[in-house]
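Participant: Input file: entry.cif. Contents: mmCIF, C-alpha atoms.
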```
data_entry
#
loop_
_atom_site.label_atom_id
_atom_site.label_comp_id
_atom_site.auth_asym_id
_atom_site.auth_seq_id
_atom_site.Cartn_x
_atom_site.Cartn_y
_atom_site.Cartn_z
CA MET L 1 5.50 -73.25 -16.79
CA ALA L 2 8.96 -74.00 -15.49
CA GLY L 3 9.13 -77.30 -17.26
CA SER L 4 8.81 -75.72 -20.71
CA ALA L 5 9.41 -71.95 -20.60
CA PHE L 6 12.57 -72.19 -18.53
CA LYS L 7 14.03 -74.64 -21.03
CA ASN L 8 13.38 -72.36 -24.01
CA GLU L 9 16.65 -70.83 -25.28
CA GLU L 10 15.14 -67.43 -26.00
CA VAL L 11 13.57 -67.28 -22.55
CA VAL L 12 16.83 -68.32 -20.90
CA ALA L 13 18.67 -65.56 -22.80
CA ALA L 14 16.03 -62.91 -22.10
CA VAL L 15 16.10 -63.71 -18.40
CA THR L 16 19.84 -64.14 -17.85
CA ASP L 17 20.92 -61.17 -20.01
CA ARG L 18 19.04 -58.67 -17.89
CA PHE L 19 18.05 -60.35 -14.62
CA THR L 20 19.35 -62.38 -11.73
CA PRO L 21 16.99 -65.36 -11.50
CA VAL L 22 16.04 -66.01 -7.88
CA LEU L 23 13.90 -68.92 -6.73
CA ILE L 24 11.88 -68.26 -3.60
CA ASP L 25 10.43 -71.23 -1.73
CA ALA L 26 7.00 -69.89 -0.85
CA ASP L 27 6.66 -72.59 1.81
CA VAL L 28 9.61 -71.15 3.70
CA ASP L 29 9.73 -67.47 2.79
CA LYS L 30 6.21 -66.08 3.14
CA LYS L 31 7.32 -62.47 3.54
CA SER L 32 8.81 -62.03 0.04
CA PRO L 33 5.73 -63.17 -1.94
CA ALA L 34 3.55 -60.93 0.24
CA GLU L 35 5.88 -58.00 -0.47
CA PHE L 36 5.20 -58.37 -4.20
CA GLY L 37 1.54 -59.32 -3.88
CA ALA L 38 2.10 -62.90 -5.01
CA THR L 39 -0.54 -65.26 -3.67
CA GLY L 40 -0.56 -68.19 -6.10
CA TRP L 41 2.23 -70.38 -7.38
CA PRO L 42 4.09 -70.16 -9.59
CA THR L 43 4.38 -66.39 -9.83
CA VAL L 44 7.30 -64.64 -11.52
CA VAL L 45 8.06 -61.01 -10.66
CA PHE L 46 10.56 -59.00 -12.68
CA THR L 47 12.05 -56.08 -10.77
CA ASP L 48 14.12 -53.02 -11.55
CA ARG L 49 17.35 -51.99 -9.83
CA LYS L 50 15.40 -50.01 -7.25
CA GLY L 51 13.63 -53.20 -6.21
CA GLY L 52 10.21 -52.35 -7.61
CA ALA L 53 8.11 -54.82 -9.60
CA ILE L 54 7.95 -53.99 -13.30
CA LYS L 55 6.26 -57.10 -14.74
CA LYS L 56 4.46 -60.08 -13.29
CA SER L 57 3.55 -63.49 -14.69
CA VAL L 58 1.09 -65.61 -12.74
CA GLY L 59 0.42 -69.32 -13.11
CA ALA L 60 1.02 -71.50 -16.14
CA VAL L 61 1.44 -69.35 -19.26
CA PRO L 62 2.44 -70.27 -22.83
CA VAL L 63 6.15 -69.98 -23.62
CA ASN L 64 5.63 -67.14 -26.14
CA LYS L 65 3.65 -65.11 -23.65
CA PHE L 66 6.28 -65.56 -20.95
CA LEU L 67 9.03 -64.66 -23.44
CA SER L 68 7.20 -61.48 -24.39
CA THR L 69 6.83 -60.53 -20.71
CA ALA L 70 10.53 -61.24 -20.05
CA GLU L 71 11.66 -59.19 -23.06
CA ASP L 72 9.44 -56.24 -22.14
CA ALA L 73 10.70 -56.40 -18.57
CA GLY L 74 14.28 -56.50 -19.84
CA LYS L 75 13.72 -53.30 -21.82
CA ASP L 76 12.25 -51.62 -18.75
CA ALA L 77 15.05 -52.85 -16.49
CA GLY L 78 17.76 -51.48 -18.77
CA LYS L 79 21.37 -52.52 -19.09
CA PRO L 80 23.02 -54.19 -16.08
CA LYS L 81 25.30 -52.08 -13.89
CA PRO L 82 27.74 -54.60 -12.44
CA SER L 83 29.61 -53.97 -9.20
CA LYS L 84 33.33 -53.19 -9.19
CA ASP L 85 34.05 -56.65 -7.75
CA PHE L 86 32.07 -58.28 -10.57
CA LYS L 87 34.14 -56.43 -13.17
CA VAL L 88 37.40 -57.37 -11.42
CA LEU L 89 36.38 -61.02 -11.11
CA THR L 90 35.16 -61.47 -14.68
CA ALA L 91 38.28 -59.78 -16.09
CA ALA L 92 40.55 -61.88 -13.85
CA GLN L 93 38.72 -65.05 -14.87
CA GLU L 94 39.27 -64.19 -18.52
CA ASP L 95 42.99 -63.54 -17.85
CA LEU L 96 43.26 -66.81 -15.93
CA ASP L 97 41.63 -68.85 -18.71
CA LYS L 98 43.96 -67.34 -21.31
CA ALA L 99 47.06 -67.79 -19.12
CA MET L 100 46.24 -71.41 -18.32
CA ALA L 101 45.58 -72.17 -21.99
CA LYS L 102 48.98 -70.74 -22.93
CA SER L 103 50.80 -72.12 -19.84
CA LYS L 104 51.69 -68.61 -18.68
CA THR L 105 52.26 -69.39 -15.01
CA LYS L 106 53.13 -65.90 -13.78
CA LYS L 107 50.06 -64.33 -15.43
CA ALA L 108 47.83 -67.15 -14.16
CA LEU L 109 49.03 -66.61 -10.59
CA THR L 110 48.48 -62.85 -10.89
CA ALA L 111 44.88 -63.51 -12.02
CA ILE L 112 44.36 -66.01 -9.18
CA ALA L 113 45.63 -63.44 -6.66
CA LYS L 114 43.07 -60.91 -7.93
CA ILE L 115 40.26 -63.46 -7.63
CA GLU L 116 41.37 -64.44 -4.12
CA LYS L 117 41.59 -60.80 -3.08
CA VAL L 118 37.91 -60.29 -3.96
CA GLY L 119 37.28 -63.51 -2.01
CA ARG L 120 33.76 -64.07 -3.25
CA LYS L 121 32.64 -67.69 -3.00
CA GLY L 122 31.36 -69.16 -6.23
CA ARG L 123 32.23 -70.60 -9.61
CA ILE L 124 35.10 -68.18 -10.34
CA LEU L 125 36.84 -68.73 -6.99
CA ASP L 126 36.38 -72.50 -7.38
CA ALA L 127 38.02 -72.35 -10.82
CA ALA L 128 40.87 -70.27 -9.42
CA THR L 129 41.43 -72.76 -6.59
CA GLU L 130 41.44 -75.62 -9.07
CA ALA L 131 43.94 -73.79 -11.30
CA LYS L 132 46.16 -73.07 -8.29
CA GLU L 133 46.18 -76.75 -7.33
CA LYS L 134 47.15 -77.70 -10.87
CA LEU L 135 49.95 -75.09 -10.92
CA THR L 136 51.22 -76.38 -7.57
CA VAL L 137 51.40 -79.94 -8.89
CA ASP L 138 53.05 -78.80 -12.14
CA GLY L 139 55.48 -76.50 -10.33
CA LYS L 140 56.60 -79.16 -7.85
CA ALA L 141 57.05 -81.62 -10.72
CA ALA L 142 59.19 -79.05 -12.55
CA VAL L 143 61.35 -78.57 -9.44
CA GLU L 144 61.77 -82.35 -9.10
CA ALA L 145 62.69 -82.65 -12.79
CA ALA L 146 65.31 -79.88 -12.47
CA LEU L 147 66.72 -81.53 -9.38
CA ALA L 148 66.89 -84.91 -11.08
CA ASN L 149 68.96 -83.28 -13.83
CA ALA L 150 71.34 -81.59 -11.39
CA ASP L 151 74.05 -84.28 -11.33
CA ALA L 152 74.47 -84.21 -15.10
CA HIS L 153 73.91 -80.49 -15.70
CA PRO L 154 74.07 -78.54 -12.43
CA GLU L 155 74.34 -75.08 -14.01
CA LYS L 156 71.42 -75.65 -16.35
CA SER L 157 69.42 -77.09 -13.47
CA LEU L 158 70.18 -74.06 -11.32
CA LYS L 159 69.05 -71.72 -14.09
CA THR L 160 65.77 -73.64 -14.43
CA LEU L 161 65.15 -73.56 -10.69
CA LYS L 162 65.78 -69.80 -10.50
CA ALA L 163 63.32 -69.30 -13.36
CA LEU L 164 60.75 -71.40 -11.48
CA LEU L 165 61.37 -69.24 -8.40
CA ARG L 166 60.51 -66.14 -10.43
CA ASN L 167 57.50 -67.59 -12.26
CA TYR L 168 55.94 -69.19 -9.19
CA LYS L 169 56.60 -66.14 -6.99
CA ARG L 170 53.06 -66.17 -5.56
CA LEU L 171 52.97 -69.91 -4.90
CA ASP L 172 54.82 -70.70 -1.66
CA ALA L 173 54.53 -74.48 -2.01
CA VAL L 174 56.57 -74.31 -5.22
CA THR L 175 58.98 -71.51 -4.28
CA ASP L 176 59.83 -73.22 -0.97
CA ALA L 177 60.63 -76.44 -2.85
CA ALA L 178 62.64 -74.48 -5.41
CA LYS L 179 64.68 -72.72 -2.70
CA VAL L 180 65.59 -76.04 -1.08
CA ALA L 181 66.47 -77.49 -4.49
CA ILE L 182 68.64 -74.47 -5.35
CA LYS L 183 70.70 -75.00 -2.18
CA THR L 184 71.11 -78.67 -3.06
CA VAL L 185 72.24 -77.89 -6.60
CA GLU L 186 74.56 -75.08 -5.52
CA ALA L 187 76.35 -77.59 -3.29
CA LYS L 188 77.02 -79.72 -6.36
CA LEU L 189 78.58 -76.88 -8.33
CA PRO L 190 82.38 -76.88 -8.57
CA ALA L 191 83.91 -74.35 -6.22
CA GLU L 192 85.02 -71.12 -7.93
CA LYS L 193 88.72 -70.58 -8.01
CA MET R 194 -3.97 -90.33 5.46
CA THR R 195 -1.13 -90.99 2.99
CA LYS R 196 -3.66 -91.69 0.23
CA ILE R 197 -5.41 -88.39 0.94
CA ARG R 198 -2.07 -86.56 0.76
CA TYR R 199 -1.33 -88.08 -2.64
CA GLN R 200 -4.78 -87.04 -3.85
CA ILE R 201 -4.21 -83.47 -2.65
CA GLY R 202 -0.81 -83.47 -4.36
CA ALA R 203 -2.29 -84.75 -7.61
CA LEU R 204 -4.99 -82.06 -7.51
CA ALA R 205 -2.36 -79.41 -6.89
CA VAL R 206 -0.28 -80.57 -9.87
CA LEU R 207 -3.40 -80.59 -12.04
CA ALA R 208 -4.25 -77.07 -10.90
CA VAL R 209 -0.81 -75.80 -11.88
CA ALA R 210 -1.04 -77.55 -15.24
CA LEU R 211 -4.35 -75.78 -15.84
CA GLY R 212 -2.92 -72.45 -14.79
CA ILE R 213 -4.91 -72.19 -11.59
CA SER R 214 -3.01 -70.51 -8.77
CA THR R 215 -2.95 -72.69 -5.69
CA PRO R 216 -1.65 -71.48 -2.35
CA THR R 217 0.13 -74.39 -0.72
CA ASP R 218 -0.43 -73.36 2.84
CA VAL R 219 -3.65 -75.33 2.85
CA ALA R 220 -2.27 -78.39 1.13
CA ARG R 221 0.82 -78.57 3.30
CA ALA R 222 -0.44 -77.16 6.56
CA ASP R 223 -0.36 -80.61 8.11
CA ASP R 224 3.28 -81.11 7.18
CA PRO R 225 5.15 -80.50 10.45
CA LYS R 226 8.55 -80.36 8.73
CA SER R 227 7.43 -77.57 6.38
CA ALA R 228 5.78 -75.67 9.19
CA GLU R 229 8.89 -75.95 11.34
CA SER R 230 11.18 -74.74 8.55
CA ALA R 231 8.86 -71.88 7.71
CA LYS R 232 8.83 -70.87 11.34
CA ALA R 233 12.60 -70.96 11.48
CA GLY R 234 12.82 -69.09 8.16
CA GLU R 235 15.31 -71.62 6.87
CA ALA R 236 15.28 -73.17 3.44
CA GLU R 237 15.06 -76.94 3.30
CA ALA R 238 17.31 -78.92 1.00
CA LYS R 239 14.68 -79.51 -1.66
CA ASP R 240 14.99 -80.87 -5.14
CA TRP R 241 14.12 -77.95 -7.41
CA SER R 242 15.47 -79.51 -10.59
CA GLU R 243 12.08 -79.83 -12.27
CA HIS R 244 11.36 -76.15 -11.60
CA LEU R 245 14.61 -74.67 -12.83
CA GLY R 246 14.79 -75.71 -16.47
CA ASP R 247 18.00 -74.30 -17.96
CA ILE R 248 17.97 -71.10 -15.92
CA PRO R 249 20.72 -70.77 -13.29
CA PHE R 250 18.50 -69.83 -10.35
CA ILE R 251 19.90 -68.67 -7.04
CA VAL R 252 17.78 -70.22 -4.28
CA GLY R 253 16.69 -67.87 -1.51
CA ARG R 254 16.04 -64.15 -1.18
CA ALA R 255 19.21 -63.14 0.67
CA ALA R 256 21.57 -65.00 -1.66
CA GLY R 257 19.61 -63.84 -4.70
CA ASP R 258 19.63 -60.18 -3.72
CA ALA R 259 23.37 -60.36 -2.98
CA GLU R 260 24.01 -61.86 -6.40
CA ALA R 261 21.81 -59.20 -8.04
CA GLU R 262 23.81 -56.44 -6.38
CA PHE R 263 27.04 -58.14 -7.45
CA THR R 264 26.07 -58.62 -11.11
CA GLY R 265 24.11 -55.38 -11.40
CA LYS R 266 21.15 -57.28 -12.82
CA PRO R 267 17.90 -56.81 -10.87
CA PRO R 268 16.21 -59.92 -9.47
CA MET R 269 13.57 -61.93 -11.29
CA TYR R 270 11.79 -63.62 -8.40
CA PHE R 271 10.26 -67.00 -9.12
CA PHE R 272 7.85 -67.73 -6.27
CA THR R 273 6.99 -71.40 -6.16
CA THR R 274 6.79 -74.48 -4.00
CA THR R 275 7.57 -78.15 -4.36
CA TRP R 276 4.49 -80.33 -4.66
#
```
Give the structure from this file in structure tokens form.
Facilitator:
Amino acid sequence: MAGSAFKNEEVVAAVTDRFTPVLIDADVDKKSPAEFGATGWPTVVFTDRKGGAIKKSVGAVPVNKFLSTAEDAGKDAGKPKPSKDFKVLTAAQEDLDKAMAKSKTKKALTAIAKIEKVGRKGRILDAATEAKEKLTVDGKAAVEAALANADAHPEKSLKTLKALLRNYKRLDAVTDAAKVAIKTVEAKLPAEK
Amino acid sequence: MTKIRYQIGALAVLAVALGISTPTDVARADDPKSAESAKAGEAEAKDWSEHLGDIPFIVGRAAGDAEAEFTGKPPMYFFTTTW
């Protein structure tokens, strides 16, 4: 069954739109199959939010039959009711993707902070960590570039570094470098009369 | 002994292909590693790739139930074994 039904696009959509697919190793977890009266493998049990079984599919079944079972179960299960954390994470991920695409550092770091606050391990946190690493590299490079320009244009360099300090407010690795660079550049400025 | 195991495995695969439910406890009862893991209640690092198709399964009851609570989508339990 798994080899064909689980590769069918309609089945994948019917399952993932309404259910969380969970694989139980019946060799290891003997309690869970017993709880749902599953005695032969493979057995698929669709449940509702209260944890009760609403549909069951036992053994090898044709793709169309499995699809019909999954769709019926989806209707019975109803629309998903995501947790508050799920809503926060998915919205923050969307914000992060947009911000990274448009190089909006401040917005990207705000989205990363929201994701880190939820602190749930998984794909979204991994993406946030990856984005943070990229921003750190980019930010440090921007500080270095501003510093390299300081001899020729100290005032312009200082302005750039202060902007970096604001935009990378949540990223200590960059703001620390910017603060050191600002002191260096300020020392190069002509003394005010 | 190894030959017999292969024959049991082949019969099990055939049974699944024909839609016959086959409890694996009998076929794998002599596998000390499986028995030990089952006793400990810990999942082995198994290759489930042929079982998963294109569906993003969470492996294990505890992790699956936690994900279901998080997403607000009730679990679809896929009870199976490796052969």
Participant: Ranking L:Ala77, L:Leu189, L:Ala60, L:Leu89 by minimum distance to His153 of chain L and counting only C-alpha atoms, which one comes first?
Facilitator: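 Counting only C-alpha atoms, the residue closest to His153 of chain L is L:Leu189.
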Participant: Just to confirm, what's the straight-line distance from atom CA of Leu171 of chain L to atom CA of Glu186 of chain L in Å (one decimal)?
Facilitator: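 About the pair atom CA of Leu171 of chain L and atom CA of Glu186 of chain L: they are 22.2 Å apart.
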Participant: I'd like the neighbourhood of Leu109 of chain L as a ChimeraX atom specification, where a residue qualifies if any of its atoms comes within 8 Å (using only C-alpha atoms), though same-chain residues fewer than 6 positions away should be ignored.
Facilitator: /L:96,132,168,170-171
Participant: Could you check which of R:Ser242, R:Thr264, R:Thr275, R:Ala256 is closest to chain L, using all atoms listed in the file?
Facilitator: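 Smallest distance to chain L is found for R:Thr264.
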Participant: Exactly which residues make up the result of the PyMOL selection byres ((chain L and resi 106) around 8) on this file, given as a list in words?
Facilitator: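 With the PyMOL selection byres ((chain L and resi 106) around 8) on this model, the match is Lys104, Thr105, Lys107, Ala108, Leu109, Thr110, Asn167, Tyr168 and Lys169 of chain L.
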Participant: Is it possible to get the axis-aligned box enclosing segment 30-40 of chain L (all listed atoms, 8 Å extra per side) as JSON, with centre and edge lengths in Å rounded to one decimal?
Facilitator:
```
{"center_x": 4.1, "center_y": -63.1, "center_z": -1.3, "size_x": 25.4, "size_y": 26.2, "size_z": 25.6}
```
Participant: Grab the atom CA of Ala70 of chain L to atom CA of Asp48 of chain L distance for me, in Å with one decimal place.
Facilitator: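 Value for the atom CA of Ala70 of chain L-atom CA of Asp48 of chain L distance: 12.4 Å.
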